[in-house]
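Structure record follows, encoded as structure tokens.
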Amino acid sequence: MFESLWAVVDMHFFGFLRATGVTLQLTAVSLLLAMVIGLVFAFLKLAKSPVANVIANAYIGIVRGTPLIVLLMFLYFGISSIVVLTSFWAGAFALAIHAGAYVAEIFRGAIQSIDRGQHEAARSLGMSTRKTMRLIILPQSFRRAIPPLGNQFIIGLKDSSLVAFLGVSEIYSTAMTAAAANFRPFETYLIAGLYYLVLVLAFTALVNRLEARLTPDRRATT
């Protein structure tokens with residue numbers, strides 16, 4: 001078994017290495033977009049306008065109730081008559097739209113967790129609502145949102161495997177192609193799983209380190 005496993009590694013090492021780079025690019029782009037989308041819809045959900053609330057709730061409800069694979073196929077095939085997207089960008093936008101609904105709830109919860117007294121204190125100092133949000137509320141909210149955002153990042157990394165069905169040469173797509181060529185699916189998919197596992201463990205360690213650096217008060221109490 002180990003000989004055949006090593007043979008597959010030796011045969012497809014550089015292919016999996018290139019695929020790992022594509023997976024990381026896809027995950028990074030989609031989650032950066034998701035954070036922008038999530039922050040916008042978090043503000044819409046927190047707004048006093050009923051129209052803004054309806055728009056935010058509709059987006060979050062529809063996206064969370066729709067399978068990601070359907071969203072992928074819709075963006076790649078469904079709107080191709082209006083906008084032509086490459087498989088990479090169709091996948092990135094679909095992942096971003098999907099993750100954005102969850103990121104919106106993460107940001108909303110983090111913003112609402114900040115004591116209202118800080119808003120009142122900022123107003124008493126003559127700060128505008130926008131300045132209060134930018135300088136006081138959002139920095140604290142971001143620190144509190146790091147753990148769930150880290151979890152969402154890892155989920156997004158694993159969800160990126162679905163983009164293989166659009167023809168993007170990421171890890172899972174490379175594994176499917178390699179398994180069809182070498183007739184060793186067990187070893188090939190095991191290697192693909194190990195690649196994902198290493199990436200998840202690495203990002204988990206990075207998130208934990210970032211959380212420890214940005215929340216020293218929490219670290220001191222543990």
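Starting from 1 in every chain, residues are counted up; chains themselves are A, B, ... following the order of the structure tokens, and ligands are numbered from 1 as listed.
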
Any idea what's packed within 12 Å of Gln152 of chain A, counting only C-alpha atoms, ignoring anything in its chain fewer than 6 positions away? Could you give it as a PyMOL selection string?
chain A and resi 27-28+30-32+34-35+38+95-96+98-106+145-146+158-159+200+203-204+207

For segment 65-70 of chain A, please output as a list in words all residues within 12 Å (counting only C-alpha atoms; exclusion window: fewer than 5 positions along the same chain).
Asn57, Ala58, Tyr59, Ile60, Leu75, Tyr76, Phe77, Gly78, Ala90, Gly91, Ala92, Phe93, Ala94, Leu95, Ala96, Ile97, His98, Ala99, Ala101, Tyr102, Gly156, Asp159, Ser160, Ser161, Leu162, Val163, Ala164, Phe165 and Leu166 of chain A

Alpha helix (DSSP H) per DSSP on the backbone: members of segment 43-107 of chain A, as number ranges by chain:
A: 43-46, 50-64, 68-73, 87-107

Keeping C-alpha atoms, export the residues of the selection given above as a PDB file, in the first residue's frame.
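Result written to again39.pdb:
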```
ATOM      1  CA  PHE A  43     -25.325  46.969   8.424  1.00  0.00           C
ATOM      2  CA  LEU A  44     -28.530  46.537   6.411  1.00  0.00           C
ATOM      3  CA  LYS A  45     -29.863  44.135   9.010  1.00  0.00           C
ATOM      4  CA  LEU A  46     -28.953  46.509  11.839  1.00  0.00           C
ATOM      5  CA  PRO A  50     -37.616  48.246   7.330  1.00  0.00           C
ATOM      6  CA  VAL A  51     -36.707  48.063   3.641  1.00  0.00           C
ATOM      7  CA  ALA A  52     -33.041  47.467   4.479  1.00  0.00           C
ATOM      8  CA  ASN A  53     -34.053  44.794   6.985  1.00  0.00           C
ATOM      9  CA  VAL A  54     -36.216  43.016   4.403  1.00  0.00           C
ATOM     10  CA  ILE A  55     -33.405  43.066   1.824  1.00  0.00           C
ATOM     11  CA  ALA A  56     -30.892  41.670   4.315  1.00  0.00           C
ATOM     12  CA  ASN A  57     -33.233  38.991   5.633  1.00  0.00           C
ATOM     13  CA  ALA A  58     -34.217  37.968   2.092  1.00  0.00           C
ATOM     14  CA  TYR A  59     -30.586  37.601   1.013  1.00  0.00           C
ATOM     15  CA  ILE A  60     -29.565  35.660   4.114  1.00  0.00           C
ATOM     16  CA  GLY A  61     -32.634  33.431   4.015  1.00  0.00           C
ATOM     17  CA  ILE A  62     -32.371  32.613   0.306  1.00  0.00           C
ATOM     18  CA  VAL A  63     -28.638  31.912   0.354  1.00  0.00           C
ATOM     19  CA  ARG A  64     -28.739  29.820   3.525  1.00  0.00           C
ATOM     20  CA  LEU A  68     -23.988  25.823  -2.759  1.00  0.00           C
ATOM     21  CA  ILE A  69     -23.755  23.566  -5.819  1.00  0.00           C
ATOM     22  CA  VAL A  70     -26.964  25.116  -7.190  1.00  0.00           C
ATOM     23  CA  LEU A  71     -25.500  28.596  -6.739  1.00  0.00           C
ATOM     24  CA  LEU A  72     -22.312  27.511  -8.496  1.00  0.00           C
ATOM     25  CA  MET A  73     -24.190  26.121 -11.483  1.00  0.00           C
ATOM     26  CA  SER A  87     -14.948  29.058 -14.056  1.00  0.00           C
ATOM     27  CA  PHE A  88     -12.580  30.515 -11.441  1.00  0.00           C
ATOM     28  CA  TRP A  89     -14.537  33.744 -11.000  1.00  0.00           C
ATOM     29  CA  ALA A  90     -17.908  32.023 -11.141  1.00  0.00           C
ATOM     30  CA  GLY A  91     -16.695  29.761  -8.355  1.00  0.00           C
ATOM     31  CA  ALA A  92     -15.204  32.640  -6.363  1.00  0.00           C
ATOM     32  CA  PHE A  93     -18.385  34.733  -6.596  1.00  0.00           C
ATOM     33  CA  ALA A  94     -20.589  31.769  -5.701  1.00  0.00           C
ATOM     34  CA  LEU A  95     -18.458  30.920  -2.681  1.00  0.00           C
ATOM     35  CA  ALA A  96     -18.418  34.594  -1.664  1.00  0.00           C
ATOM     36  CA  ILE A  97     -22.194  35.003  -1.965  1.00  0.00           C
ATOM     37  CA  HIS A  98     -22.753  31.777  -0.038  1.00  0.00           C
ATOM     38  CA  ALA A  99     -20.274  32.592   2.748  1.00  0.00           C
ATOM     39  CA  GLY A 100     -21.390  36.234   2.848  1.00  0.00           C
ATOM     40  CA  ALA A 101     -24.749  35.250   4.346  1.00  0.00           C
ATOM     41  CA  TYR A 102     -23.012  33.557   7.272  1.00  0.00           C
ATOM     42  CA  VAL A 103     -20.410  36.312   7.639  1.00  0.00           C
ATOM     43  CA  ALA A 104     -23.247  38.856   7.798  1.00  0.00           C
ATOM     44  CA  GLU A 105     -24.705  37.101  10.831  1.00  0.00           C
ATOM     45  CA  ILE A 106     -21.243  36.850  12.407  1.00  0.00           C
ATOM     46  CA  PHE A 107     -20.653  40.595  12.040  1.00  0.00           C
TER      47      PHE A 107
END
```

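Interatomic distance, atom CA of Leu24 of chain A to atom CA of Glu170 of chain A: 8.8 Å.
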
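In terms of minimum interatomic distance to Ser141 of chain A, A:Leu39 ranks closest within A:Leu194, A:Leu39, A:Leu26, A:Val84, counting only C-alpha atoms.
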
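Candidate residues A:Ala180, A:Ala202, A:Gly167, A:Arg209 were compared for distance to Val22 of chain A, and the nearest is A:Gly167, using only C-alpha atoms.
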
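Pairwise distance (atom CA of Ala47 of chain A, atom CA of Leu214 of chain A) equals 27.8 Å.
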
Exercise: Thr20 of chain A partners within 9 Å, only C-alpha atoms, chain neighbours under 5 positions left out, as a PyMOL selection string
chain A and resi 15+25+170-171+195-196+199

Export of prior selection with N, CA and C atoms as a PDB file, in the first residue's frame:
```pdb
ATOM      1  N   GLY A  15       1.430  18.366  -9.731  1.00  0.00           N
ATOM      2  CA  GLY A  15       0.038  18.670 -10.066  1.00  0.00           C
ATOM      3  C   GLY A  15      -0.753  19.054  -8.834  1.00  0.00           C
ATOM      4  N   GLN A  25      -5.845  30.444  -3.633  1.00  0.00           N
ATOM      5  CA  GLN A  25      -6.287  31.674  -4.303  1.00  0.00           C
ATOM      6  C   GLN A  25      -7.808  31.785  -4.301  1.00  0.00           C
ATOM      7  N   GLU A 170      -8.450  22.746  -9.033  1.00  0.00           N
ATOM      8  CA  GLU A 170      -8.037  22.807  -7.631  1.00  0.00           C
ATOM      9  C   GLU A 170      -7.754  21.370  -7.150  1.00  0.00           C
ATOM     10  N   ILE A 171      -7.663  21.183  -5.841  1.00  0.00           N
ATOM     11  CA  ILE A 171      -7.191  19.902  -5.316  1.00  0.00           C
ATOM     12  C   ILE A 171      -8.111  18.750  -5.701  1.00  0.00           C
ATOM     13  N   TYR A 195      -3.896  16.650   1.812  1.00  0.00           N
ATOM     14  CA  TYR A 195      -3.627  18.042   1.446  1.00  0.00           C
ATOM     15  C   TYR A 195      -4.617  18.979   2.142  1.00  0.00           C
ATOM     16  N   TYR A 196      -5.913  18.629   2.088  1.00  0.00           N
ATOM     17  CA  TYR A 196      -6.922  19.453   2.757  1.00  0.00           C
ATOM     18  C   TYR A 196      -6.686  19.486   4.264  1.00  0.00           C
ATOM     19  N   LEU A 199      -3.848  21.856   5.147  1.00  0.00           N
ATOM     20  CA  LEU A 199      -4.273  23.248   5.004  1.00  0.00           C
ATOM     21  C   LEU A 199      -5.179  23.667   6.154  1.00  0.00           C
TER      22      LEU A 199
END
```

Who sits within 9 Å of Tyr189 of chain A, only C-alpha atoms, same chain under 2 positions skipped, as number ranges by chain
A: 172, 175-176, 179, 184-187, 191-194

Which polymer residues have any atom within 12 Å of an atom of Arg143 of chain A, counting only C-alpha atoms, with same-chain residues fewer than 6 positions away left out, as JSON, numbers by chain?
{"A": [106, 107, 110, 111, 113, 114, 136, 137, 149, 150, 207, 208, 210, 211, 212, 213, 214, 215, 216, 217, 218]}

Shortest interatomic distance to Leu33 of chain A - which of A:His12, A:Phe153, A:Lys48, A:Ile79, counting only C-alpha atoms
A:Phe153

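Between atom CA of Thr174 of chain A and atom CA of Phe16 of chain A lies a distance of 6.6 Å.
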